[in-house]
Structures are given as C-alpha cells and as structure tokens.
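S.K.: Starting off with a structure, shown below.
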Amino acid sequence: MAQRGIREYDAKKMLAKYWVDYVSKDFSYPGKVALVDPETNMDALAKKHPWIKKEKLVIKPDQLFGKRGKHGLIKIDASFNDAEKWIKERMNKDTKVGKVTGTLTHFIIEPFTPHKGEYYIAIKSNRDGDTIYFSNHGGVDIESVWDTVAEIHVGINDDIDKINIETKLPKDTAKENKKMITDFIRGLFKFYADLGYAYLEINPFAITDNKIVPLDLVARIDDTAYFECQSKWGDLSFPAPFGRELSKEEYYIKELDAKTGASLKLTILNPKGRIWTMVAGGGASVIYADTIVDLGYKEELANYGEYSGNPNKEFTYQYAKTVLDLMTREKAPKGKPKFLIVGGGIANFTDVAKTFAGIKMALTEYKKKLQETDVKIYVRRGGPNYQEGLKIMKKLGEELGLPIEVYGPETHMTRIVPMAIEGGK
C-alpha cells in the first residue's frame with residue numbers, strides 16, 4: 001500500500017458529496033470550498049461560488065502541510081477583498097514552514113465558522129486494522145493534550161456497527177453531544193474505509209447549531225484502491241509534498257502510472273547516490289529501503305519506488321530505462337562502483353519473466369553506460385515464472401559482459417543488500 005496525500009479541498013469536496021450516504025441524514029455539510037492556484041481568476045471564482053462575496057471567509061495554503069496557524073498562514077474572518085489581497089501577497093512566494101522551504105501555489109477558501117469548543121478525530125490504518133482517535137480538546141496543540149485522546153481499535157474483520165463507540169468516548173464528552181459524536185465517528189469511519197483512505201484527520205471540527213463542521217482536514221489515500229474507488233474519487237490529484245517539486249523523470253513515471261492498471265512509482269532521493277533500486281511491490285520497496293538505511297547507507301540511497309501489479313513489457317521497459325538513465329549520468333567518486341538492486345518478494349500474480357523481459361530491454365540499451373559507470377547488478381526474485389526470469393537475467397549478464405548476480409526465493413529477500421554493498425566497498 002502506498003499512501004498519497006491529497007489536498008484538503010479534494011477531501012472536503014468528497015466528504016460533502018458522500019455526507020448523507022455515510023455520515024448523517026439529520027444535518028448536512030455543504031462543502032463550500034474553493035481552490036485558488038496561480039491561474040485562478042478571482043472574479044470568475046466569485047461567480048462560480050457566489051457565497052465567497054456574501055460570507056466571512058477563512059483562507060489558508062492547501063499544500064499537504066499542517067500547523068498553518070502556528071506559522072501565521074491562516075487568515076480568518078475575512079472579506080472577499082481581504083482574501084484576494086492576502087493570497088496575492090503570498091502566491092508564488094518562497095515560504096519556510098518548519099525546516100522546509102517551498103513555494104506557495106495553492107490556497108483553499110471556505111466560510112468562516114464562529115465556534116467555541118474544538119474537537120479532534122483521526123483514523124489511521126495499521127497492520128491489524130484501523131485505529132480511531134478522538135478528543136474533546138482539538139486544535140493546533142493536540143499533542144500537548146494527548147492524554148485526553150480516546151483510542152478505538154477496529155480490527156480487520158470487525159464491523160464498526162457492532163462496536164459500542166459511545167462507551168469508549170472520553171469521560172469529559174458532554175452528554176448532549178454523545179449520540180451526535182458517536183454517529184459521526186461511525187459514519188466517518190465507513191466513509192474512510194469505503195473510499196480507500198489510509199489516514200484521515202479532522203483537527204479541529206466544531207459543533208455549532210447542532211451540526212458538525214469540519215474545519216481543518218488532512219488526508220492520505222491508499223493508491224492501490226484506484227481501480228476500486230476511482231469512480232467515487234473523481235478527478236483526484238496527488239500533489240508533491242510541500243517544498244519538493246517533481247523532477248522531469250518523476251513526473252514522467254507519474255504519467256506512466258496514470259496510464260496503466262499496474263503501479264509505477266519513483267522518488268529521487270539523491271541523484272548522486274551509489275545504491276539504486278528497481279523493486280517489485282510496495283511492501284518490498286519499503287523493506288529494501290529500510291535495510292539499506294539500517295546498514296548505514298542512507299546517504300548513498302539514490303531512489304525509492306516500485307513497479308507492481310503486473311505491468312506489461314513496455315511499461316516495465318520505460319520504468320527501467322528511466323532509472324538506468326538517472327543512474328548512469330555520472331560515475332561515483334573515487335572510482336567506487338554503483339549498485340543496482342533488482343529486488344522483490346514472492347509475487348502472487350506478476351509474471352516475473354515478462355517483467356524481466358522489459359528490464360532486459362533497458363539493460364541491453366544501457367550496456368555501454370552501465371559499463372562506463374561501473375554498475376554491479378544484483379537480482380533477487382520469486383513468484384510465477386521466476387526461474388525463467390532469473391535465467392533471462394543470468395544469460396543477459398553473460399551476453400553483455402555485465403556483472404549480474406541472480407538469486408531466487410531460497411535467498412532471504414534483503415540478503416542481497418549487504419552482499420552488494422560489502423562486495424563492492
């Protein structure tokens with residue numbers, strides 16, 4: 001599972017769309033939100049959303065970072081003219097948020113909701129299911145009052161309707177709010193589960209006029225749910241984290257990923273790194289990256305990513321070619337070798353031989369550059385047709401004169417990491 005952050009704007013629009021289906025038929029959440037980017041014409045936006053000129057507003061960046069209030073990046077109780085001026089002063093400006101500096105390019109506008117109390121809720125996936133967190137003391141400093149947070153575990157096979165949520169609420173939950181909050185938690189969990197969320201946090205939400213109003217929201221989607229949930233998601237974007245713009249190569253792989261039912265992911269960590277990975281499977285990619293870091297080679301890890309879901313030969317070739325191009329642009333310093341780890345666990349349905357055929361094409365094309373850059377290749381794979389796939393890779397090494405070592409499922413999945421690094425020091 002790969003978790004991908006989405007904009008607050010998109011999550012709130014989705015929540016509003018399915019509010020009656022999941023959360024409550026007793027009261028609505030209209031989802032009055034507007035997104036502003038560098039191309040937005042504010043007058044046209046006001047025509048599209050007439051409430052913008054009629055109501056007091058809240059404005060804040062919508063770029064996958066939190067603590068906006070602490071960083072002075074929320075404008076509240078503002079008029080339309082105030083909002084326009086505030087955004088104009090910050091649009092396309094470099095801004096430091098904690099230790100990260102990035103360019104502000106997207107802002108969310110919504111109605112200002114006067115309120116007294118603030119509440120916190122979050123739902124997070126984990127190995128054993130999901131955990132719901134709730135507190136009557138939400139806001140920017142939830143960490144400082146974490147002892148007020150109740151935790152409700154929902155196991156993989158548990159039915160949320162059979163969990164007595166009300167008895168698990170914090171003791172300081174007002175009696176008159178218990179039913180509303182219980183129903184909200186149950187409905188929000190169903191929304192979270194059915195629409196493929198991996199993390200959903202509303203901090204804070206308010207209760208006003210017997211209605212629950214989400215104020216600040218953070219969400220991450222499980223992108224492996226794309227083909228199951230895409231019709232419900234609609235036109236959903238996955239922006240890069242704040243302070244990190246996609247490189248040309250990362251953007252290219254992202255475009256490929258959108259064209260296939262398989263999963264193709266690439267993040268460049270250190271283009272000058274000596275250890276490059278081409279890993280099949282999201283879980284395996286995490287394990288390989290963790291192993292490299294645990295061995296003390298964090299600074300040498302060049303990339304993070306995965307190809308999975310049985311991509312065809314052409315998509316695998318394009319993915320592999322992109323990684324090899326990045327890897328062979330320059331030699332490692334001091335005459336040291338570079339390492340390419342073509343790894344994975346034991347596939348359930350991916351045809352190993354077919355995906356290796358795409359990798360073979362890329363390796364053949366980059367033969368000369370791989371030799372010039374002194375790249376050593378280590379392959380470990382299991383799954384359908386893996387024997388044929390390993391034969392392809394071993395024979396290829398002999399034909400091209402490339403140092404390719406191949407291992408099957410008899411070798412522990414991450415054993416090739418120390419074998420590669422220790423053998424090429």
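The chains in the structure tokens are called A, B, ... from first to last as shown; in each chain the residues are counted from 1, and the ligands are counted from 1 in the order shown.
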If you count only C-alpha atoms, which residues fall within 8 Å of segment 158-160 of chain A, apart from same-chain ones fewer than 2 positions away, as a list in words?

M.R.: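 Contacts, with the query itself left out: Val154, Gly155, Ile156, Lys162, Ile163, Arg186, Phe189 and Lys190 of chain A.
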
S.K.: Those same residues, written as an mmCIF file, in the first residue's frame with N, CA, C and O atoms?

M.R.:
```cif
data_model
loop_
_atom_site.group_PDB
_atom_site.id
_atom_site.type_symbol
_atom_site.label_atom_id
_atom_site.label_comp_id
_atom_site.auth_asym_id
_atom_site.auth_seq_id
_atom_site.Cartn_x
_atom_site.Cartn_y
_atom_site.Cartn_z
ATOM 1 N N VAL A 154 -10.366 -0.845 15.463
ATOM 2 C CA VAL A 154 -11.292 -1.566 14.600
ATOM 3 C C VAL A 154 -10.478 -2.621 13.855
ATOM 4 O O VAL A 154 -9.683 -2.290 12.968
ATOM 5 N N GLY A 155 -10.644 -3.867 14.239
ATOM 6 C CA GLY A 155 -9.887 -4.943 13.622
ATOM 7 C C GLY A 155 -10.281 -5.158 12.167
ATOM 8 O O GLY A 155 -11.328 -4.689 11.702
ATOM 9 N N ILE A 156 -9.451 -5.897 11.447
ATOM 10 C CA ILE A 156 -9.667 -6.124 10.019
ATOM 11 C C ILE A 156 -11.047 -6.718 9.751
ATOM 12 O O ILE A 156 -11.717 -6.344 8.791
ATOM 13 N N LYS A 162 -21.054 -2.819 15.122
ATOM 14 C CA LYS A 162 -21.171 -3.666 16.314
ATOM 15 C C LYS A 162 -20.254 -3.220 17.445
ATOM 16 O O LYS A 162 -20.214 -3.852 18.500
ATOM 17 N N ILE A 163 -19.503 -2.132 17.207
ATOM 18 C CA ILE A 163 -18.631 -1.596 18.256
ATOM 19 C C ILE A 163 -19.392 -0.529 19.031
ATOM 20 O O ILE A 163 -19.963 0.392 18.438
ATOM 21 N N ARG A 186 -18.847 6.816 13.612
ATOM 22 C CA ARG A 186 -19.197 5.601 12.877
ATOM 23 C C ARG A 186 -19.322 5.894 11.374
ATOM 24 O O ARG A 186 -18.810 5.157 10.536
ATOM 25 N N PHE A 189 -15.946 6.709 9.721
ATOM 26 C CA PHE A 189 -15.140 5.505 9.511
ATOM 27 C C PHE A 189 -15.590 4.763 8.259
ATOM 28 O O PHE A 189 -14.762 4.270 7.477
ATOM 29 N N LYS A 190 -16.896 4.668 8.046
ATOM 30 C CA LYS A 190 -17.401 3.987 6.845
ATOM 31 C C LYS A 190 -16.965 4.728 5.586
ATOM 32 O O LYS A 190 -16.585 4.101 4.589
#
```

S.K.: As a ChimeraX atom specification, which residues of segment 253-305 of chain A does DSSP assign to strand (DSSP E or B)?

M.R.: /A:263-268,275-277,280,301,303-305

S.K.: Taking the chain letters and numbering used in this document, name the residues of segment 316-364 of chain A that DSSP puts in helix (DSSP H, G or I), as number ranges by chain.

M.R.: A: 316-327, 333-335, 352-364

S.K.: Residues of the last selection are to be written out with N, CA and C atoms, as an mmCIF file, in the first residue's frame.

M.R.:
```
data_model
loop_
_atom_site.group_PDB
_atom_site.id
_atom_site.type_symbol
_atom_site.label_atom_id
_atom_site.label_comp_id
_atom_site.auth_asym_id
_atom_site.auth_seq_id
_atom_site.Cartn_x
_atom_site.Cartn_y
_atom_site.Cartn_z
ATOM 1 N N THR A 316 7.259 -1.719 -18.132
ATOM 2 C CA THR A 316 8.425 -2.077 -17.318
ATOM 3 C C THR A 316 9.705 -1.552 -17.964
ATOM 4 N N TYR A 317 9.782 -1.662 -19.280
ATOM 5 C CA TYR A 317 10.940 -1.132 -20.015
ATOM 6 C C TYR A 317 11.087 0.372 -19.799
ATOM 7 N N GLN A 318 9.997 1.111 -19.923
ATOM 8 C CA GLN A 318 10.052 2.560 -19.748
ATOM 9 C C GLN A 318 10.459 2.921 -18.321
ATOM 10 N N TYR A 319 9.954 2.177 -17.360
ATOM 11 C CA TYR A 319 10.314 2.428 -15.962
ATOM 12 C C TYR A 319 11.798 2.153 -15.728
ATOM 13 N N ALA A 320 12.248 0.976 -16.197
ATOM 14 C CA ALA A 320 13.652 0.598 -16.000
ATOM 15 C C ALA A 320 14.586 1.558 -16.717
ATOM 16 N N LYS A 321 14.226 1.952 -17.916
ATOM 17 C CA LYS A 321 15.071 2.863 -18.690
ATOM 18 C C LYS A 321 15.239 4.198 -17.969
ATOM 19 N N THR A 322 14.180 4.674 -17.341
ATOM 20 C CA THR A 322 14.250 5.945 -16.604
ATOM 21 C C THR A 322 15.219 5.840 -15.439
ATOM 22 N N VAL A 323 15.147 4.730 -14.692
ATOM 23 C CA VAL A 323 16.050 4.533 -13.560
ATOM 24 C C VAL A 323 17.495 4.423 -14.036
ATOM 25 N N LEU A 324 17.717 3.655 -15.097
ATOM 26 C CA LEU A 324 19.079 3.470 -15.602
ATOM 27 C C LEU A 324 19.667 4.770 -16.146
ATOM 28 N N ASP A 325 18.847 5.562 -16.792
ATOM 29 C CA ASP A 325 19.316 6.849 -17.309
ATOM 30 C C ASP A 325 19.806 7.741 -16.175
ATOM 31 N N LEU A 326 19.029 7.807 -15.104
ATOM 32 C CA LEU A 326 19.420 8.607 -13.937
ATOM 33 C C LEU A 326 20.708 8.067 -13.307
ATOM 34 N N MET A 327 20.789 6.761 -13.228
ATOM 35 C CA MET A 327 21.907 6.111 -12.535
ATOM 36 C C MET A 327 23.227 6.273 -13.261
ATOM 37 N N PRO A 333 32.224 8.908 -7.124
ATOM 38 C CA PRO A 333 33.540 9.469 -6.822
ATOM 39 C C PRO A 333 34.539 8.406 -6.361
ATOM 40 N N LYS A 334 35.804 8.728 -6.522
ATOM 41 C CA LYS A 334 36.913 7.903 -6.037
ATOM 42 C C LYS A 334 36.933 6.503 -6.653
ATOM 43 N N GLY A 335 36.400 6.395 -7.877
ATOM 44 C CA GLY A 335 36.448 5.120 -8.579
ATOM 45 C C GLY A 335 35.593 4.022 -7.969
ATOM 46 N N VAL A 352 7.033 -12.893 -13.478
ATOM 47 C CA VAL A 352 8.397 -12.399 -13.300
ATOM 48 C C VAL A 352 9.147 -12.358 -14.627
ATOM 49 N N ALA A 353 8.997 -13.406 -15.423
ATOM 50 C CA ALA A 353 9.723 -13.466 -16.696
ATOM 51 C C ALA A 353 9.310 -12.331 -17.625
ATOM 52 N N LYS A 354 8.022 -12.021 -17.661
ATOM 53 C CA LYS A 354 7.546 -10.959 -18.545
ATOM 54 C C LYS A 354 8.067 -9.593 -18.118
ATOM 55 N N THR A 355 8.042 -9.306 -16.812
ATOM 56 C CA THR A 355 8.545 -8.001 -16.364
ATOM 57 C C THR A 355 10.056 -7.925 -16.542
ATOM 58 N N PHE A 356 10.746 -9.068 -16.342
ATOM 59 C CA PHE A 356 12.189 -9.073 -16.558
ATOM 60 C C PHE A 356 12.527 -8.864 -18.027
ATOM 61 N N ALA A 357 11.616 -9.240 -18.913
ATOM 62 C CA ALA A 357 11.861 -9.011 -20.339
ATOM 63 C C ALA A 357 11.953 -7.516 -20.620
ATOM 64 N N GLY A 358 11.127 -6.720 -19.941
ATOM 65 C CA GLY A 358 11.197 -5.268 -20.093
ATOM 66 C C GLY A 358 12.479 -4.704 -19.511
ATOM 67 N N ILE A 359 12.904 -5.246 -18.362
ATOM 68 C CA ILE A 359 14.154 -4.799 -17.744
ATOM 69 C C ILE A 359 15.339 -5.192 -18.620
ATOM 70 N N LYS A 360 15.249 -6.375 -19.240
ATOM 71 C CA LYS A 360 16.310 -6.827 -20.146
ATOM 72 C C LYS A 360 16.499 -5.836 -21.292
ATOM 73 N N MET A 361 15.412 -5.370 -21.866
ATOM 74 C CA MET A 361 15.497 -4.397 -22.958
ATOM 75 C C MET A 361 16.254 -3.141 -22.516
ATOM 76 N N ALA A 362 15.925 -2.656 -21.324
ATOM 77 C CA ALA A 362 16.563 -1.434 -20.829
ATOM 78 C C ALA A 362 18.041 -1.662 -20.537
ATOM 79 N N LEU A 363 18.378 -2.784 -19.909
ATOM 80 C CA LEU A 363 19.780 -3.081 -19.605
ATOM 81 C C LEU A 363 20.600 -3.217 -20.885
ATOM 82 N N THR A 364 20.016 -3.848 -21.902
ATOM 83 C CA THR A 364 20.710 -4.002 -23.187
ATOM 84 C C THR A 364 20.982 -2.635 -23.808
#
```

S.K.: If you count only C-alpha atoms, which residues fall within 6 Å of Phe112 of chain A, apart from same-chain ones fewer than 6 positions away, as a PyMOL selection string?

M.R.: chain A and resi 56-58+77

S.K.: If you count only C-alpha atoms, which residues fall within 7 Å of segment 292-308 of chain A, apart from same-chain ones fewer than 2 positions away, as a list in words?

M.R.: Ala262, Ser263, Leu264, Lys265, Leu266, Thr267, Ile268, Leu269, Asn270, Pro271, Lys272, Gly273, Arg274, Ile275, Trp276, Thr277, Met278, Val279, Ala280, Gly281, Gly282, Ser285, Tyr288, Ala289, Asp290, Asn310, Pro311 and Val417 of chain A

S.K.: Restricting the output to C-alpha atoms, write the selected residues as a tab-separated table (two decimals), in the first residue's frame.

M.R.:
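Produced file selection12.tsv, reproduced below:
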```tsv
chain	number	residue	atom	x	y	z
A	262	ALA	CA	-0.25	-1.52	-12.60
A	263	SER	CA	1.65	0.64	-10.12
A	264	LEU	CA	4.77	2.59	-11.11
A	265	LYS	CA	6.35	4.89	-8.52
A	266	LEU	CA	9.64	6.79	-8.44
A	267	THR	CA	11.09	9.24	-5.95
A	268	ILE	CA	14.64	10.51	-6.42
A	269	LEU	CA	16.33	10.88	-3.04
A	270	ASN	CA	19.93	11.52	-4.04
A	271	PRO	CA	20.80	11.57	-7.75
A	272	LYS	CA	24.49	11.20	-6.85
A	273	GLY	CA	23.87	8.14	-4.67
A	274	ARG	CA	25.57	4.83	-5.43
A	275	ILE	CA	22.71	2.47	-4.47
A	276	TRP	CA	19.77	2.34	-6.86
A	277	THR	CA	16.75	0.08	-6.55
A	278	MET	CA	14.26	-1.38	-9.00
A	279	VAL	CA	11.89	-3.18	-6.66
A	280	ALA	CA	8.69	-5.07	-7.43
A	281	GLY	CA	5.98	-4.44	-4.82
A	282	GLY	CA	5.17	-1.56	-2.49
A	285	SER	CA	10.28	-1.41	-1.66
A	288	TYR	CA	14.71	-2.82	0.84
A	289	ALA	CA	14.93	0.89	1.62
A	290	ASP	CA	14.80	0.19	5.36
A	310	ASN	CA	1.93	-6.99	-13.29
A	311	PRO	CA	2.95	-4.13	-15.62
A	417	VAL	CA	21.72	-5.71	0.03
```

S.K.: Go through A:Ile404, A:Val100, A:Met393, A:Met42 one by one, measure the shortest atom-to-atom distance of each to Pro241 of chain A using only C-alpha atoms, and give the residue with the smallest value.

M.R.: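 For Pro241 of chain A, the nearest of the candidates is A:Val100.
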
S.K.: Let me make sure I understand: among A:Lys395, A:Arg380, A:Lys93, A:Lys13, which one has the smallest atom-to-atom distance to Met413 of chain A if we use only C-alpha atoms?

M.R.: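 Closest candidate: A:Arg380.
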
S.K.: Find the residue from A:Gly139, A:Gly397, A:Gly344, A:Pro204 that sits nearest to Lys367 of chain A; use only C-alpha atoms when measuring.

M.R.: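 Closest to Lys367 of chain A, using only C-alpha atoms: A:Gly397.
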
S.K.: With only C-alpha atoms as the basis for distance, which of A:Ala332, A:Met419, A:Val379, A:Val213 is at the shortest distance from His115 of chain A?

M.R.: A:Val213

S.K.: Smallest atom-to-atom distance to Lys96 of chain A: which of A:Pro170, A:Gly243, A:Gly408, A:Gly31, using only C-alpha atoms?

M.R.: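 Smallest separation from Lys96 of chain A among the options: A:Gly243.
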
S.K.: Near Val140 of chain A, within 9 Å and counting only C-alpha atoms, which residues show up once chain neighbours fewer than 3 positions away are dropped, as a PDB file with all heavy atoms, in the first residue's frame?

M.R.:
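Okay, this is what ended up in out_12.pdb:
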```pdb
ATOM      1  N   GLY A  66       0.829  20.836   7.655  1.00  0.00           N
ATOM      2  CA  GLY A  66      -0.024  21.242   8.762  1.00  0.00           C
ATOM      3  C   GLY A  66       0.563  22.400   9.540  1.00  0.00           C
ATOM      4  O   GLY A  66       1.490  23.079   9.101  1.00  0.00           O
ATOM      5  N   LYS A  67      -0.009  22.613  10.736  1.00  0.00           N
ATOM      6  CA  LYS A  67       0.438  23.689  11.640  1.00  0.00           C
ATOM      7  C   LYS A  67       0.407  25.047  10.946  1.00  0.00           C
ATOM      8  O   LYS A  67       1.256  25.910  11.190  1.00  0.00           O
ATOM      9  CB  LYS A  67       1.847  23.403  12.162  1.00  0.00           C
ATOM     10  CG  LYS A  67       2.025  22.027  12.787  1.00  0.00           C
ATOM     11  CD  LYS A  67       1.206  21.835  14.035  1.00  0.00           C
ATOM     12  CE  LYS A  67       1.453  20.470  14.678  1.00  0.00           C
ATOM     13  NZ  LYS A  67       0.572  20.220  15.827  1.00  0.00           N
ATOM     14  N   ARG A  68      -0.572  25.249  10.062  1.00  0.00           N
ATOM     15  CA  ARG A  68      -0.631  26.509   9.326  1.00  0.00           C
ATOM     16  C   ARG A  68      -0.896  27.691  10.242  1.00  0.00           C
ATOM     17  O   ARG A  68      -0.374  28.785  10.025  1.00  0.00           O
ATOM     18  CB  ARG A  68      -1.686  26.397   8.215  1.00  0.00           C
ATOM     19  CG  ARG A  68      -1.280  25.456   7.103  1.00  0.00           C
ATOM     20  CD  ARG A  68      -2.426  25.098   6.188  1.00  0.00           C
ATOM     21  NE  ARG A  68      -3.410  24.244   6.842  1.00  0.00           N
ATOM     22  CZ  ARG A  68      -4.406  23.635   6.221  1.00  0.00           C
ATOM     23  NH1 ARG A  68      -4.562  23.803   4.913  1.00  0.00           N
ATOM     24  NH2 ARG A  68      -5.254  22.864   6.873  1.00  0.00           N
ATOM     25  N   GLY A  69      -1.692  27.462  11.278  1.00  0.00           N
ATOM     26  CA  GLY A  69      -1.949  28.533  12.236  1.00  0.00           C
ATOM     27  C   GLY A  69      -0.690  28.952  12.968  1.00  0.00           C
ATOM     28  O   GLY A  69      -0.435  30.145  13.168  1.00  0.00           O
ATOM     29  N   LYS A  70       0.115  27.980  13.360  1.00  0.00           N
ATOM     30  CA  LYS A  70       1.359  28.277  14.079  1.00  0.00           C
ATOM     31  C   LYS A  70       2.332  29.069  13.218  1.00  0.00           C
ATOM     32  O   LYS A  70       3.181  29.801  13.741  1.00  0.00           O
ATOM     33  CB  LYS A  70       2.025  26.976  14.539  1.00  0.00           C
ATOM     34  CG  LYS A  70       1.432  26.389  15.803  1.00  0.00           C
ATOM     35  CD  LYS A  70       2.304  25.263  16.318  1.00  0.00           C
ATOM     36  CE  LYS A  70       1.869  24.817  17.699  1.00  0.00           C
ATOM     37  NZ  LYS A  70       2.741  23.777  18.276  1.00  0.00           N
ATOM     38  N   GLU A 143      -1.098  17.500  20.438  1.00  0.00           N
ATOM     39  CA  GLU A 143      -0.044  16.661  21.033  1.00  0.00           C
ATOM     40  C   GLU A 143       0.128  16.950  22.520  1.00  0.00           C
ATOM     41  O   GLU A 143       0.454  16.052  23.296  1.00  0.00           O
ATOM     42  CB  GLU A 143       1.285  16.872  20.311  1.00  0.00           C
ATOM     43  CG  GLU A 143       1.284  16.429  18.864  1.00  0.00           C
ATOM     44  CD  GLU A 143       0.781  17.497  17.910  1.00  0.00           C
ATOM     45  OE1 GLU A 143       0.379  18.581  18.388  1.00  0.00           O
ATOM     46  OE2 GLU A 143       0.768  17.248  16.690  1.00  0.00           O
ATOM     47  N   ASN A 203      -8.886  18.129  12.384  1.00  0.00           N
ATOM     48  CA  ASN A 203      -8.413  18.799  13.599  1.00  0.00           C
ATOM     49  C   ASN A 203      -8.229  20.286  13.348  1.00  0.00           C
ATOM     50  O   ASN A 203      -7.248  20.694  12.723  1.00  0.00           O
ATOM     51  CB  ASN A 203      -7.092  18.194  14.071  1.00  0.00           C
ATOM     52  CG  ASN A 203      -6.621  18.846  15.368  1.00  0.00           C
ATOM     53  OD1 ASN A 203      -7.437  19.194  16.209  1.00  0.00           O
ATOM     54  ND2 ASN A 203      -5.322  19.036  15.519  1.00  0.00           N
ATOM     55  N   PRO A 204      -9.234  21.064  13.812  1.00  0.00           N
ATOM     56  CA  PRO A 204     -10.375  20.616  14.601  1.00  0.00           C
ATOM     57  C   PRO A 204     -11.637  20.506  13.762  1.00  0.00           C
ATOM     58  O   PRO A 204     -11.670  20.914  12.614  1.00  0.00           O
ATOM     59  CB  PRO A 204     -10.532  21.735  15.617  1.00  0.00           C
ATOM     60  CG  PRO A 204     -10.166  22.971  14.822  1.00  0.00           C
ATOM     61  CD  PRO A 204      -9.065  22.539  13.886  1.00  0.00           C
TER      62      PRO A 204
END
```
